[in-house]
Amino acid sequence: MGSLTTFLQGYENGIACIETAYRNGLALVSREGSVKIIKRKPEIEGYDKEQAELTTKMMRSEKESIDTIVKKPEYIRAALCKASKKLYEENEEFLSNLDLLDRLERVYRLLNPDMKGCINGESGCPDHVLMNCSACSGDNNAKT
């Protein structure tokens, strides 16, 4: 399957178009080998005829990505199953690595009891990390 991110991003434009269509009172159906855009219920709250028309025009420019999703339900179902399995496998690997990271830091601190500050130095753990070191877990500005 390759990269799960790359795989799923291949559907992003089609997903966005279909979501936009449904938000604007439209629906998509596969009929006679082509995708038809239909009005669901013009009386739904927030329905805007002009917006629905603009959405229809936008969808024509993304016809290929929409067709793949709408016209091939079994292909999409199989893709969802594969992606779900891959995500599970990647999550298992991620959780294992997170556990090892935590344990490695604990061992590091056992072997270096004088190390009381952040493993990243005076700046502390960066804001974007998934897990702060033990010194920063309550204070992102721990000093060495």
# chains A, B, ... in the order shown; residues from 1 in each chain; ligands from 1

$ residues_around --residues "Leu4 of chain A" --least-positions-apart "4" --cutoff "8 Å" --atoms "only C-alpha atoms" --output "short mmCIF file (atom, residue, chain, number, x, y, z; two decimals) with N, CA and C atoms, in the first residue's frame"
data_model
loop_
_atom_site.label_atom_id
_atom_site.label_comp_id
_atom_site.auth_asym_id
_atom_site.auth_seq_id
_atom_site.Cartn_x
_atom_site.Cartn_y
_atom_site.Cartn_z
N LEU A 8 -4.19 7.93 1.55
CA LEU A 8 -5.42 8.63 1.94
C LEU A 8 -5.51 10.02 1.32
N ALA A 83 -6.62 0.42 4.73
CA ALA A 83 -6.13 1.59 5.46
C ALA A 83 -6.33 1.42 6.95
N LYS A 86 -3.69 -0.98 8.20
CA LYS A 86 -2.38 -0.32 8.19
C LYS A 86 -2.27 0.67 9.35
N LEU A 87 -3.35 1.42 9.59
CA LEU A 87 -3.36 2.38 10.70
C LEU A 87 -3.22 1.65 12.03
#

$ select_by_dssp --residues "chain A" --states "alpha helix (DSSP H)" --output "PyMOL selection string"
chain A and resi 4-9+12-23+49-61+63-71+73-111

$ closest_residue --among "A:Val107, A:Glu50, A:Glu93, A:Asp67" --to "Val29 of chain A" --atoms "only C-alpha atoms"
A:Asp67

$ residues_around --residues "Ala79 of chain A" --least-positions-apart "2" --cutoff "12 Å" --atoms "only C-alpha atoms" --output "number ranges by chain"
A: 1, 4, 7-8, 10-11, 68-69, 72-77, 81-87

$ closest_residue --among "A:Val70, A:Leu80, A:Met131, A:Leu28" --to "Leu95 of chain A" --atoms "only C-alpha atoms"
A:Met131

$ atom_distance --atom1 "atom CA of Thr5 of chain A" --atom2 "atom CA of Thr20 of chain A"
21.9 Å
